[in-house]
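Chemist: Sharing entry_16.tsv here; it has TSV, C-alpha atoms and all ligand atoms.
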chain	number	residue	atom	x	y	z
A	17	MET	CA	-16.59	-22.83	36.53
A	18	PRO	CA	-15.99	-25.06	33.52
A	19	THR	CA	-14.46	-28.48	34.06
A	20	GLY	CA	-12.27	-30.59	31.81
A	21	VAL	CA	-8.77	-30.53	30.48
A	22	ASN	CA	-6.75	-27.70	29.13
A	23	ARG	CA	-4.91	-28.69	25.94
A	24	GLN	CA	-1.67	-26.75	25.68
A	25	ILE	CA	1.14	-26.52	23.16
A	26	LEU	CA	4.50	-26.19	24.83
A	27	LEU	CA	7.66	-24.81	23.28
A	28	VAL	CA	9.97	-27.66	24.29
A	29	GLU	CA	13.13	-26.47	22.59
A	30	LYS	CA	14.25	-23.24	20.97
A	31	PRO	CA	15.28	-23.88	17.36
A	32	VAL	CA	18.87	-23.33	16.31
A	33	GLY	CA	18.07	-23.53	12.58
A	34	LYS	CA	14.63	-23.68	11.03
A	35	LEU	CA	11.54	-24.05	13.19
A	36	GLY	CA	10.03	-27.56	13.04
A	37	PRO	CA	7.23	-29.58	14.64
A	38	GLU	CA	9.81	-31.19	16.96
A	39	HIS	CA	10.13	-27.92	18.87
A	40	PHE	CA	6.58	-28.19	20.18
A	41	ARG	CA	4.57	-30.71	22.21
A	42	LEU	CA	0.82	-30.99	22.82
A	43	VAL	CA	-0.01	-31.80	26.45
A	44	GLU	CA	-3.10	-31.88	28.66
A	45	ALA	CA	-3.25	-30.01	31.96
A	46	PRO	CA	-5.95	-29.26	34.51
A	47	LEU	CA	-7.91	-26.06	34.04
A	48	PRO	CA	-6.14	-23.14	35.71
A	49	GLU	CA	-7.76	-21.51	38.77
A	50	PRO	CA	-8.05	-17.74	38.42
A	51	GLN	CA	-6.53	-15.87	41.38
A	52	ASP	CA	-7.78	-12.55	42.73
A	53	GLY	CA	-7.50	-9.97	39.97
A	54	GLU	CA	-7.46	-12.65	37.26
A	55	ALA	CA	-9.99	-13.96	34.76
A	56	LEU	CA	-10.27	-17.46	33.32
A	57	VAL	CA	-10.74	-17.20	29.58
A	58	ARG	CA	-11.63	-19.71	26.87
A	59	VAL	CA	-9.49	-19.07	23.80
A	60	LYS	CA	-11.40	-18.80	20.52
A	61	LEU	CA	-8.80	-17.58	18.01
A	62	ILE	CA	-5.00	-17.66	18.17
A	63	SER	CA	-3.06	-15.10	16.14
A	64	LEU	CA	-0.15	-16.48	14.09
A	65	ASP	CA	2.56	-13.86	13.68
A	66	ALA	CA	6.02	-13.82	12.17
A	67	ALA	CA	7.07	-12.30	15.50
A	68	ASN	CA	6.26	-15.61	17.27
A	69	ARG	CA	9.43	-16.96	15.66
A	70	ALA	CA	11.49	-13.84	16.42
A	71	TRP	CA	10.61	-14.13	20.13
A	72	MET	CA	12.49	-17.46	20.24
A	73	TYR	CA	15.83	-15.63	19.94
A	74	GLY	CA	15.61	-13.94	23.34
A	75	ALA	CA	14.15	-10.87	24.96
A	76	THR	CA	12.75	-8.35	22.47
A	77	TYR	CA	9.99	-5.87	23.28
A	78	ARG	CA	8.67	-8.79	25.35
A	79	PRO	CA	10.44	-11.06	27.85
A	80	GLU	CA	12.38	-14.10	26.65
A	81	LEU	CA	10.30	-17.22	25.94
A	82	GLU	CA	10.81	-20.08	28.40
A	83	THR	CA	11.13	-23.66	27.19
A	84	ASN	CA	8.65	-26.25	28.48
A	85	ALA	CA	6.14	-23.45	28.96
A	86	VAL	CA	3.02	-22.73	26.93
A	87	MET	CA	4.00	-21.12	23.65
A	88	ALA	CA	3.23	-17.41	23.84
A	89	GLY	CA	0.85	-15.80	21.41
A	90	GLY	CA	-1.96	-13.29	21.16
A	91	GLY	CA	-5.52	-14.55	21.15
A	92	ILE	CA	-9.17	-13.60	21.23
A	93	ALA	CA	-10.93	-15.23	24.16
A	94	GLU	CA	-14.17	-15.21	26.14
A	95	VAL	CA	-14.27	-14.76	29.89
A	96	VAL	CA	-15.71	-17.89	31.57
A	97	GLU	CA	-14.96	-16.95	35.19
A	98	SER	CA	-13.85	-13.63	36.61
A	99	LYS	CA	-12.11	-12.41	39.75
A	100	ALA	CA	-10.95	-9.33	37.84
A	101	PRO	CA	-12.65	-5.99	38.32
A	102	GLY	CA	-14.29	-4.76	35.13
A	103	LEU	CA	-14.49	-8.18	33.47
A	104	ALA	CA	-17.64	-10.30	33.47
A	105	VAL	CA	-18.50	-13.77	32.19
A	106	GLY	CA	-19.19	-13.54	28.47
A	107	ASP	CA	-16.88	-10.58	27.84
A	108	LEU	CA	-14.67	-10.83	24.78
A	109	VAL	CA	-10.99	-9.97	25.31
A	110	PHE	CA	-7.62	-9.85	23.55
A	111	GLY	CA	-4.47	-10.86	25.42
A	112	ASP	CA	-1.35	-12.99	25.41
A	113	THR	CA	-3.40	-16.13	26.02
A	114	GLY	CA	-0.77	-18.48	24.61
A	115	TRP	CA	-1.40	-21.61	22.56
A	116	GLN	CA	-3.95	-23.34	24.79
A	117	ASP	CA	-7.70	-23.83	25.29
A	118	TYR	CA	-7.92	-21.86	28.55
A	119	ALA	CA	-5.76	-19.23	30.26
A	120	ALA	CA	-5.92	-17.51	33.63
A	121	ALA	CA	-4.63	-13.97	33.16
A	122	PRO	CA	-4.55	-10.73	35.17
A	123	GLY	CA	-7.47	-8.51	34.19
A	124	ASN	CA	-5.15	-5.60	33.45
A	125	ARG	CA	-3.41	-7.69	30.75
A	126	LEU	CA	-6.69	-8.38	28.94
A	127	SER	CA	-8.27	-5.76	26.65
A	128	LYS	CA	-12.04	-5.84	26.40
A	129	LEU	CA	-13.26	-5.93	22.79
A	130	PRO	CA	-16.53	-5.13	21.06
A	131	ARG	CA	-18.32	-8.05	19.38
A	132	VAL	CA	-17.92	-7.61	15.64
A	133	GLU	CA	-18.94	-9.81	12.75
A	134	PRO	CA	-16.95	-11.72	11.72
A	135	LEU	CA	-14.99	-12.16	14.94
A	136	THR	CA	-11.83	-12.91	12.93
A	137	HIS	CA	-11.63	-9.21	11.95
A	138	LEU	CA	-10.56	-8.50	15.55
A	139	LEU	CA	-7.26	-10.25	14.78
A	140	SER	CA	-6.84	-8.99	11.23
A	141	VAL	CA	-7.94	-5.54	10.17
A	142	TYR	CA	-8.98	-4.34	13.65
A	143	GLY	CA	-6.13	-6.17	15.40
A	144	ILE	CA	-2.34	-5.87	15.47
A	145	ALA	CA	-2.06	-6.33	11.69
A	146	GLY	CA	-4.44	-3.49	10.86
A	147	LEU	CA	-2.96	-1.12	13.43
A	148	THR	CA	0.60	-1.94	12.32
A	149	ALA	CA	-0.25	-1.27	8.68
A	150	TYR	CA	-2.15	1.93	9.51
A	151	PHE	CA	0.34	3.61	11.84
A	152	GLY	CA	3.46	2.24	10.17
A	153	LEU	CA	2.39	3.53	6.78
A	154	LEU	CA	0.63	6.77	7.70
A	155	ASP	CA	2.62	7.97	10.73
A	156	VAL	CA	6.06	6.56	9.91
A	157	GLY	CA	6.01	6.34	6.08
A	158	ARG	CA	3.86	9.48	5.66
A	159	PRO	CA	2.96	8.93	1.97
A	160	GLU	CA	1.67	11.83	-0.13
A	161	THR	CA	-0.81	11.48	-2.97
A	162	GLY	CA	0.95	10.49	-6.18
A	163	GLU	CA	4.03	9.09	-4.43
A	164	THR	CA	5.36	5.59	-5.01
A	165	VAL	CA	5.03	3.16	-2.09
A	166	VAL	CA	6.74	-0.23	-2.02
A	167	VAL	CA	5.82	-2.89	0.54
A	168	SER	CA	7.47	-6.28	1.12
A	169	ALA	CA	5.79	-9.46	2.42
A	170	ALA	CA	3.01	-7.76	0.48
A	171	ALA	CA	0.60	-10.69	0.42
A	172	GLY	CA	0.87	-11.23	4.19
A	173	SER	CA	-1.35	-9.87	6.91
A	174	VAL	CA	0.36	-6.50	7.42
A	175	GLY	CA	1.55	-6.08	3.83
A	176	SER	CA	-1.80	-6.72	2.16
A	177	LEU	CA	-3.32	-3.90	4.23
A	178	VAL	CA	-0.38	-1.50	3.78
A	179	GLY	CA	-0.66	-1.70	-0.01
A	180	GLN	CA	-4.41	-1.15	-0.01
A	181	ILE	CA	-4.22	1.79	2.42
A	182	ALA	CA	-1.54	3.36	0.22
A	183	LYS	CA	-3.89	2.98	-2.77
A	184	ILE	CA	-6.69	4.64	-0.76
A	185	LYS	CA	-4.28	7.53	-0.16
A	186	GLY	CA	-3.72	7.92	-3.91
A	187	CYS	CA	-0.26	6.39	-4.19
A	188	ARG	CA	1.29	4.13	-6.82
A	189	VAL	CA	1.77	0.82	-5.01
A	190	ILE	CA	4.27	-1.93	-5.71
A	191	GLY	CA	4.20	-5.16	-3.73
A	192	ILE	CA	7.12	-7.54	-3.26
A	193	ALA	CA	6.14	-11.16	-2.64
A	194	GLY	CA	7.29	-14.72	-3.24
A	195	GLY	CA	6.10	-16.34	-6.45
A	196	ALA	CA	4.39	-15.30	-9.68
A	197	GLU	CA	0.96	-16.40	-8.49
A	198	LYS	CA	1.06	-14.25	-5.35
A	199	CYS	CA	2.25	-11.31	-7.44
A	200	ARG	CA	-0.62	-11.75	-9.89
A	201	TRP	CA	-3.05	-11.93	-6.95
A	202	LEU	CA	-1.73	-8.63	-5.54
A	203	ILE	CA	-2.52	-6.85	-8.80
A	204	GLU	CA	-5.72	-8.59	-9.84
A	205	HIS	CA	-7.34	-9.09	-6.43
A	206	LEU	CA	-5.98	-6.33	-4.21
A	207	GLY	CA	-5.53	-3.66	-6.88
A	208	PHE	CA	-1.78	-3.05	-6.51
A	209	ASP	CA	-0.25	-1.26	-9.51
A	210	ALA	CA	2.65	-3.69	-9.85
A	211	ALA	CA	4.22	-6.63	-8.04
A	212	VAL	CA	7.72	-8.08	-8.03
A	213	ASP	CA	8.69	-11.66	-7.18
A	214	TYR	CA	11.72	-11.51	-4.87
A	215	LYS	CA	12.41	-15.22	-5.45
A	216	ASP	CA	13.12	-14.53	-9.13
A	217	ASP	CA	16.62	-13.41	-10.09
A	218	GLY	CA	16.98	-9.73	-10.83
A	219	LEU	CA	14.96	-8.18	-7.99
A	220	PHE	CA	16.69	-4.80	-8.35
A	221	LYS	CA	16.06	-4.58	-12.10
A	222	ALA	CA	12.45	-5.66	-11.75
A	223	LEU	CA	11.88	-3.09	-9.00
A	224	ARG	CA	13.52	-0.35	-11.02
A	225	ALA	CA	11.22	-1.15	-13.95
A	226	ALA	CA	8.16	-1.19	-11.69
A	227	ALA	CA	9.12	2.12	-10.04
A	228	PRO	CA	10.30	4.35	-12.91
A	229	LYS	CA	9.93	7.47	-10.73
A	230	GLY	CA	11.81	5.91	-7.81
A	231	ILE	CA	10.48	4.93	-4.37
A	232	ASP	CA	9.20	7.53	-1.91
A	233	VAL	CA	8.11	5.17	0.87
A	234	TYR	CA	9.40	1.65	1.49
A	235	PHE	CA	7.45	-0.29	4.12
A	236	ASP	CA	10.00	-2.95	5.10
A	237	ASN	CA	8.68	-6.21	6.53
A	238	VAL	CA	11.65	-8.36	5.57
A	239	GLY	CA	15.07	-6.62	5.78
A	240	GLY	CA	18.13	-8.30	4.19
A	241	ALA	CA	18.49	-8.47	0.43
A	242	VAL	CA	15.08	-6.94	-0.27
A	243	LEU	CA	15.91	-3.84	1.78
A	244	GLU	CA	19.25	-3.67	0.00
A	245	ALA	CA	17.52	-3.72	-3.40
A	246	CYS	CA	15.14	-0.92	-2.40
A	247	LEU	CA	17.61	1.56	-0.89
A	248	PRO	CA	19.36	2.69	-4.11
A	249	LEU	CA	15.94	3.28	-5.70
A	250	MET	CA	14.75	5.58	-2.91
A	251	ASN	CA	14.06	9.19	-3.88
A	252	VAL	CA	15.63	12.09	-2.03
A	253	HIS	CA	13.80	12.64	1.28
A	254	GLY	CA	12.27	9.15	1.01
A	255	ARG	CA	11.06	7.31	4.12
A	256	VAL	CA	11.74	3.70	5.09
A	257	ALA	CA	9.30	2.39	7.68
A	258	CYS	CA	11.13	-0.49	9.41
A	259	CYS	CA	8.36	-2.84	10.51
A	260	GLY	CA	10.16	-6.19	10.73
A	261	ALA	CA	12.88	-8.38	9.29
A	262	ILE	CA	11.25	-11.72	8.53
A	263	SER	CA	14.10	-12.78	6.24
A	264	GLN	CA	16.22	-13.05	9.41
A	265	TYR	CA	13.76	-14.83	11.69
A	266	ASP	CA	13.86	-18.50	10.78
A	267	GLY	CA	17.42	-19.66	11.19
A	268	ALA	CA	18.92	-17.64	8.33
A	269	PRO	CA	22.55	-16.61	8.85
A	270	ALA	CA	22.84	-13.00	10.02
A	271	ALA	CA	22.65	-10.66	7.04
A	272	ALA	CA	25.90	-8.99	6.04
A	273	GLY	CA	24.05	-6.02	4.54
A	274	PRO	CA	22.27	-4.06	3.51
A	275	ARG	CA	25.11	-2.48	1.59
A	276	GLY	CA	24.79	1.25	0.95
A	277	VAL	CA	24.20	2.15	4.58
A	278	PRO	CA	24.86	4.80	5.68
A	279	GLY	CA	26.04	6.32	2.37
A	280	LEU	CA	22.66	6.19	0.64
A	281	ILE	CA	20.91	7.44	3.76
A	282	VAL	CA	23.15	10.52	3.77
A	283	VAL	CA	23.14	11.32	0.06
A	284	LYS	CA	19.41	10.83	-0.36
A	285	ARG	CA	18.56	12.39	3.06
A	286	LEU	CA	16.46	9.31	3.86
A	287	ILE	CA	14.57	8.79	7.08
A	288	MET	CA	14.68	5.17	8.26
A	289	GLN	CA	12.48	4.68	11.30
A	290	GLY	CA	11.58	1.59	13.25
A	291	PHE	CA	8.33	1.36	15.14
A	292	ILE	CA	6.42	-1.02	17.40
A	293	VAL	CA	2.65	-0.98	17.11
A	294	MET	CA	2.12	-1.00	20.89
A	295	ASP	CA	3.43	2.59	20.99
A	296	TYR	CA	0.33	3.64	19.06
A	297	PHE	CA	-2.31	1.82	21.13
A	298	GLY	CA	-3.37	5.14	22.71
A	299	GLN	CA	-4.42	6.33	19.25
A	300	ARG	CA	-6.23	3.12	18.34
A	301	ASP	CA	-9.69	4.76	18.01
A	302	ARG	CA	-8.54	6.99	15.16
A	303	ALA	CA	-7.23	3.96	13.25
A	304	ILE	CA	-10.28	1.78	13.89
A	305	ALA	CA	-12.60	4.58	12.73
A	306	ASP	CA	-10.74	4.88	9.41
A	307	LEU	CA	-10.22	1.14	8.92
A	308	SER	CA	-13.87	0.28	9.58
A	309	ALA	CA	-15.07	3.08	7.27
A	310	TRP	CA	-12.85	1.72	4.47
A	311	VAL	CA	-13.98	-1.88	5.07
A	312	GLU	CA	-17.66	-0.87	5.09
A	313	ALA	CA	-17.22	1.20	1.93
A	314	GLY	CA	-15.65	-1.82	0.19
A	315	LYS	CA	-12.34	0.03	-0.26
A	316	LEU	CA	-10.29	-2.31	1.94
A	317	LYS	CA	-10.40	-6.07	1.38
A	318	VAL	CA	-9.70	-8.13	4.48
A	319	GLU	CA	-7.77	-11.29	3.65
A	320	GLU	CA	-7.90	-14.00	6.30
A	321	ASP	CA	-6.46	-17.50	6.41
A	322	VAL	CA	-8.19	-19.44	9.19
A	323	ILE	CA	-6.96	-22.89	10.21
A	324	ASP	CA	-9.00	-25.09	12.53
A	325	GLY	CA	-7.67	-26.95	15.58
A	326	LEU	CA	-5.22	-26.10	18.35
A	327	GLU	CA	-3.14	-29.14	17.37
A	328	ASN	CA	-2.44	-27.52	13.98
A	329	THR	CA	-0.93	-24.33	15.45
A	330	PRO	CA	2.77	-25.34	15.12
A	331	ALA	CA	2.33	-26.37	11.47
A	332	ALA	CA	0.42	-23.14	10.84
A	333	LEU	CA	3.32	-21.03	12.12
A	334	ILE	CA	5.92	-23.09	10.24
A	335	GLY	CA	3.81	-22.63	7.09
A	336	LEU	CA	3.51	-18.87	7.61
A	337	LEU	CA	7.29	-18.59	7.76
A	338	ALA	CA	7.45	-20.50	4.47
A	339	GLY	CA	4.95	-18.13	2.81
A	340	GLU	CA	1.88	-20.40	2.76
A	341	ASN	CA	-0.48	-17.66	3.92
A	342	ARG	CA	-2.30	-14.87	2.17
A	343	GLY	CA	-3.48	-12.21	4.55
A	344	LYS	CA	-3.88	-12.79	8.28
A	345	ARG	CA	-3.29	-16.37	9.42
A	346	MET	CA	-4.99	-17.51	12.63
A	347	VAL	CA	-6.12	-20.72	14.32
A	348	ARG	CA	-9.73	-21.25	15.38
A	349	LEU	CA	-10.30	-23.44	18.45
A	401	LIG	N1	6.67	-3.40	14.22
A	401	LIG	C1	5.55	-3.95	14.67
A	401	LIG	O1	4.94	-3.47	15.61
A	401	LIG	C2	5.04	-5.17	13.98
A	401	LIG	C3	3.75	-5.69	14.29
A	401	LIG	C4	3.31	-6.82	13.57
A	401	LIG	C5	4.12	-7.40	12.59
A	401	LIG	N2	5.35	-6.89	12.36
A	401	LIG	C6	6.23	-7.44	11.31
A	401	LIG	O2	5.50	-7.46	10.10
A	401	LIG	C7	6.06	-8.46	9.25
A	401	LIG	C8	4.92	-9.33	8.71
A	401	LIG	O3	4.48	-10.15	9.79
A	401	LIG	P1	3.11	-10.94	9.76
A	401	LIG	O4	2.97	-11.57	11.09
A	401	LIG	O5	2.07	-10.04	9.22
A	401	LIG	O6	3.37	-12.12	8.73
A	401	LIG	P2	2.80	-12.29	7.27
A	401	LIG	O7	3.24	-11.13	6.44
A	401	LIG	O8	1.37	-12.63	7.28
A	401	LIG	O9	3.56	-13.61	6.80
A	401	LIG	C9	4.88	-13.60	6.61
A	401	LIG	C10	5.20	-13.55	5.09
A	401	LIG	O10	6.57	-13.20	4.97
A	401	LIG	C11	7.05	-13.71	3.75
A	401	LIG	N3	8.43	-14.22	3.95
A	401	LIG	C12	8.83	-15.29	4.66
A	401	LIG	N4	10.16	-15.42	4.61
A	401	LIG	C13	10.61	-14.40	3.84
A	401	LIG	C14	11.90	-13.99	3.40
A	401	LIG	N5	13.01	-14.69	3.74
A	401	LIG	N6	12.00	-12.90	2.62
A	401	LIG	C15	10.89	-12.22	2.26
A	401	LIG	N7	9.64	-12.54	2.64
A	401	LIG	C16	9.51	-13.63	3.43
A	401	LIG	C17	6.12	-14.84	3.34
A	401	LIG	O11	5.50	-14.50	2.12
A	401	LIG	P3	6.24	-14.72	0.69
A	401	LIG	O12	5.55	-15.86	0.05
A	401	LIG	O13	6.01	-13.42	0.01
A	401	LIG	O14	7.68	-15.01	0.96
A	401	LIG	C18	5.07	-14.91	4.44
A	401	LIG	O15	3.76	-15.14	3.97
A	401	LIG	C19	7.09	-9.21	10.09
A	401	LIG	O16	8.38	-8.70	9.81
A	401	LIG	C20	6.69	-8.87	11.51
A	401	LIG	O17	7.75	-8.99	12.40
A	401	LIG	C21	5.81	-5.80	13.04
Represent the structure from my file as structure tokens, please.

Modeler:
Amino acid sequence: MPTGVNRQILLVEKPVGKLGPEHFRLVEAPLPEPQDGEALVRVKLISLDAANRAWMYGATYRPELETNAVMAGGGIAEVVESKAPGLAVGDLVFGDTGWQDYAAAPGNRLSKLPRVEPLTHLLSVYGIAGLTAYFGLLDVGRPETGETVVVSAAAGSVGSLVGQIAKIKGCRVIGIAGGAEKCRWLIEHLGFDAAVDYKDDGLFKALRAAAPKGIDVYFDNVGGAVLEACLPLMNVHGRVACCGAISQYDGAPAAAGPRGVPGLIVVKRLIMQGFIVMDYFGQRDRAIADLSAWVEAGKLKVEEDVIDGLENTPAALIGLLAGENRGKRMVRL
């Protein structure tokens, strides 16, 4: 049994406007004692996700966050003591460890993981981001070879994989991201066919120029004005995979739009489908087999943005919401 303190980051207040450092506090607590059926785990990597911010609004697909409790978040951890059947000291697991050095968690809430090199890939391409991109694009968006796929938050963890998988499937791929430099990076580094800066005026015109044959699949990570710009450009029988709505997460006033709904949905016979990656966990093996084959063949670049130090986790999330990251952002403890 390890001894020492457990550094924890508490969510002390739920933000009304933008998320700031004042909403968190670093504290020290004794190490938790695992109860029967639980394992004590040492957290190694904390996943930073746009959804961390969305959870602060209330119950979603997970229970409401409590204030003055450890901030929730997914993490990769190593078992250091086990009273849970099927888990042994040294096992590597994924679970909702929260933002802390150690967590005691029920064994049935921890998923055992293989050891891969680098370990960070378990949070990026083989983690939630990779599975979200894979199932959201292929099962919800269902792109065909030669079709045009548009993805927003394209330089982020999910988006950067969506665009590359669409290229692997033989599609024309257009990324939407913030800033000329990110857009250039999408084309030159990730091999997208075109990229559009949504922070520039004239998003609709720029998208129309980049997608002269219209859009067949729009993978929507952001909602709001970007979704509104894409809808009129959708082709008949196009698919919109609704993955998230990051433009609405960080204190933005509720969007009035998108305009054109439901008229455009009817006229163009569009399918707009939301999905949550957890629904696909039973099919994970199929995705991991494809993703690892593409990574090993050099067809899929894995972009990771690793920040060191538990104490830097709040700033890392605030920065992600402001678009600092390229690819999967995580904190290494
Ligand atoms: N459905 C599911 O099961 C599931 C699972 C995982 C994630 N998601 C969703 O996937 C999306 C991406 O999440 P992530 O965790 O991978 O984050 P991420 O894409 O790595 O980072 C978020 C990016 O969003 C962009 N962004 C921030 N504010 C924006 C705004 N107002 N309008 C447009 N873009 C904005 C920023 O890039 P720019 O510089 O380009 O602005 C930022 O880098 C989120 O909507 C999340 O909720 C859904």

Chemist: Quick one: residues within 7 Å of Leu202 in chain A, only C-alpha atoms counted, chain neighbours fewer than 5 positions away excluded, as a list in words?

Modeler: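 Skipping anything fewer than 5 positions along the chain leaves Ala171, Gly207, Phe208 and Ala211 of chain A.
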
Chemist: For ligand LIG 401 (chain A), list the contacting residues at 6 Å or closer, counting all atoms listed in the file, as a PDB file with C-alpha atoms, keeping the file's coordinate frame.

Modeler:
ATOM      1  CA  ASP A  65       2.560 -13.860  13.680  1.00  0.00           C
ATOM      2  CA  ALA A  66       6.020 -13.820  12.170  1.00  0.00           C
ATOM      3  CA  ALA A  67       7.070 -12.300  15.500  1.00  0.00           C
ATOM      4  CA  ALA A 145      -2.060  -6.330  11.690  1.00  0.00           C
ATOM      5  CA  THR A 148       0.600  -1.940  12.320  1.00  0.00           C
ATOM      6  CA  ALA A 169       5.790  -9.460   2.420  1.00  0.00           C
ATOM      7  CA  GLY A 172       0.870 -11.230   4.190  1.00  0.00           C
ATOM      8  CA  SER A 173      -1.350  -9.870   6.910  1.00  0.00           C
ATOM      9  CA  VAL A 174       0.360  -6.500   7.420  1.00  0.00           C
ATOM     10  CA  GLY A 175       1.550  -6.080   3.830  1.00  0.00           C
ATOM     11  CA  ALA A 193       6.140 -11.160  -2.640  1.00  0.00           C
ATOM     12  CA  GLY A 194       7.290 -14.720  -3.240  1.00  0.00           C
ATOM     13  CA  ASN A 237       8.680  -6.210   6.530  1.00  0.00           C
ATOM     14  CA  VAL A 238      11.650  -8.360   5.570  1.00  0.00           C
ATOM     15  CA  CYS A 259       8.360  -2.840  10.510  1.00  0.00           C
ATOM     16  CA  GLY A 260      10.160  -6.190  10.730  1.00  0.00           C
ATOM     17  CA  ALA A 261      12.880  -8.380   9.290  1.00  0.00           C
ATOM     18  CA  ILE A 262      11.250 -11.720   8.530  1.00  0.00           C
ATOM     19  CA  SER A 263      14.100 -12.780   6.240  1.00  0.00           C
ATOM     20  CA  PHE A 291       8.330   1.360  15.140  1.00  0.00           C
ATOM     21  CA  ILE A 292       6.420  -1.020  17.400  1.00  0.00           C
ATOM     22  CA  VAL A 293       2.650  -0.980  17.110  1.00  0.00           C
ATOM     23  CA  LEU A 336       3.510 -18.870   7.610  1.00  0.00           C
ATOM     24  CA  LEU A 337       7.290 -18.590   7.760  1.00  0.00           C
ATOM     25  CA  ALA A 338       7.450 -20.500   4.470  1.00  0.00           C
ATOM     26  CA  GLY A 339       4.950 -18.130   2.810  1.00  0.00           C
ATOM     27  CA  GLU A 340       1.880 -20.400   2.760  1.00  0.00           C
ATOM     28  CA  ASN A 341      -0.480 -17.660   3.920  1.00  0.00           C
ATOM     29  CA  GLY A 343      -3.480 -12.210   4.550  1.00  0.00           C
ATOM     30  CA  LYS A 344      -3.880 -12.790   8.280  1.00  0.00           C
TER      31      LYS A 344
END

Chemist: Is there a way to get, as a ChimeraX atom specification, all residues within 8 Å of the point (-10.0, -3.9, 34.3) in file coordinates, counting all atoms listed in the file?

Modeler: /A:100-103,123-124,126

Chemist: Generate the output file for the selected residues, C-alpha atoms, as a JSON list (two decimals), in the frame of the given file.

Modeler:
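Everything below was put into part_14.json:
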[["chain", "number", "residue", "atom", "x", "y", "z"],
["A", 100, "ALA", "CA", -10.95, -9.33, 37.84],
["A", 101, "PRO", "CA", -12.65, -5.99, 38.32],
["A", 102, "GLY", "CA", -14.29, -4.76, 35.13],
["A", 103, "LEU", "CA", -14.49, -8.18, 33.47],
["A", 123, "GLY", "CA", -7.47, -8.51, 34.19],
["A", 124, "ASN", "CA", -5.15, -5.60, 33.45],
["A", 126, "LEU", "CA", -6.69, -8.38, 28.94]]

Chemist: How many Å lie between CA of Ala55 in chain A and CA of Gly90 in chain A, rounded to one decimal?

Modeler: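 Computing the Euclidean distance for CA of Ala55 in chain A and CA of Gly90 in chain A yields 15.8 Å.
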
Chemist: Have a look at CA of Ser176 in chain A and CA of Asn328 in chain A and let me know their distance in Å, one decimal.

Modeler: 23.9 Å

Chemist: Which residue gives the smallest distance to Val141 in chain A among A:Leu47, A:Val178, A:Leu247, A:Ala227, with only C-alpha atoms counted?

Modeler: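 The answer is A:Val178, which sits nearest to Val141 in chain A.
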
Chemist: Quick one: pull the distance between CA of Thr164 in chain A and CA of Asp321 in chain A, Å, one decimal.

Modeler: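 Computing the Euclidean distance for CA of Thr164 in chain A and CA of Asp321 in chain A yields 28.3 Å.
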
Chemist: A:Ala70, A:Leu61, A:Cys187, A:Ala85: which is nearest Asp117 in chain A, counting all atoms listed in the file?

Modeler: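 The answer is A:Leu61, which sits nearest to Asp117 in chain A.
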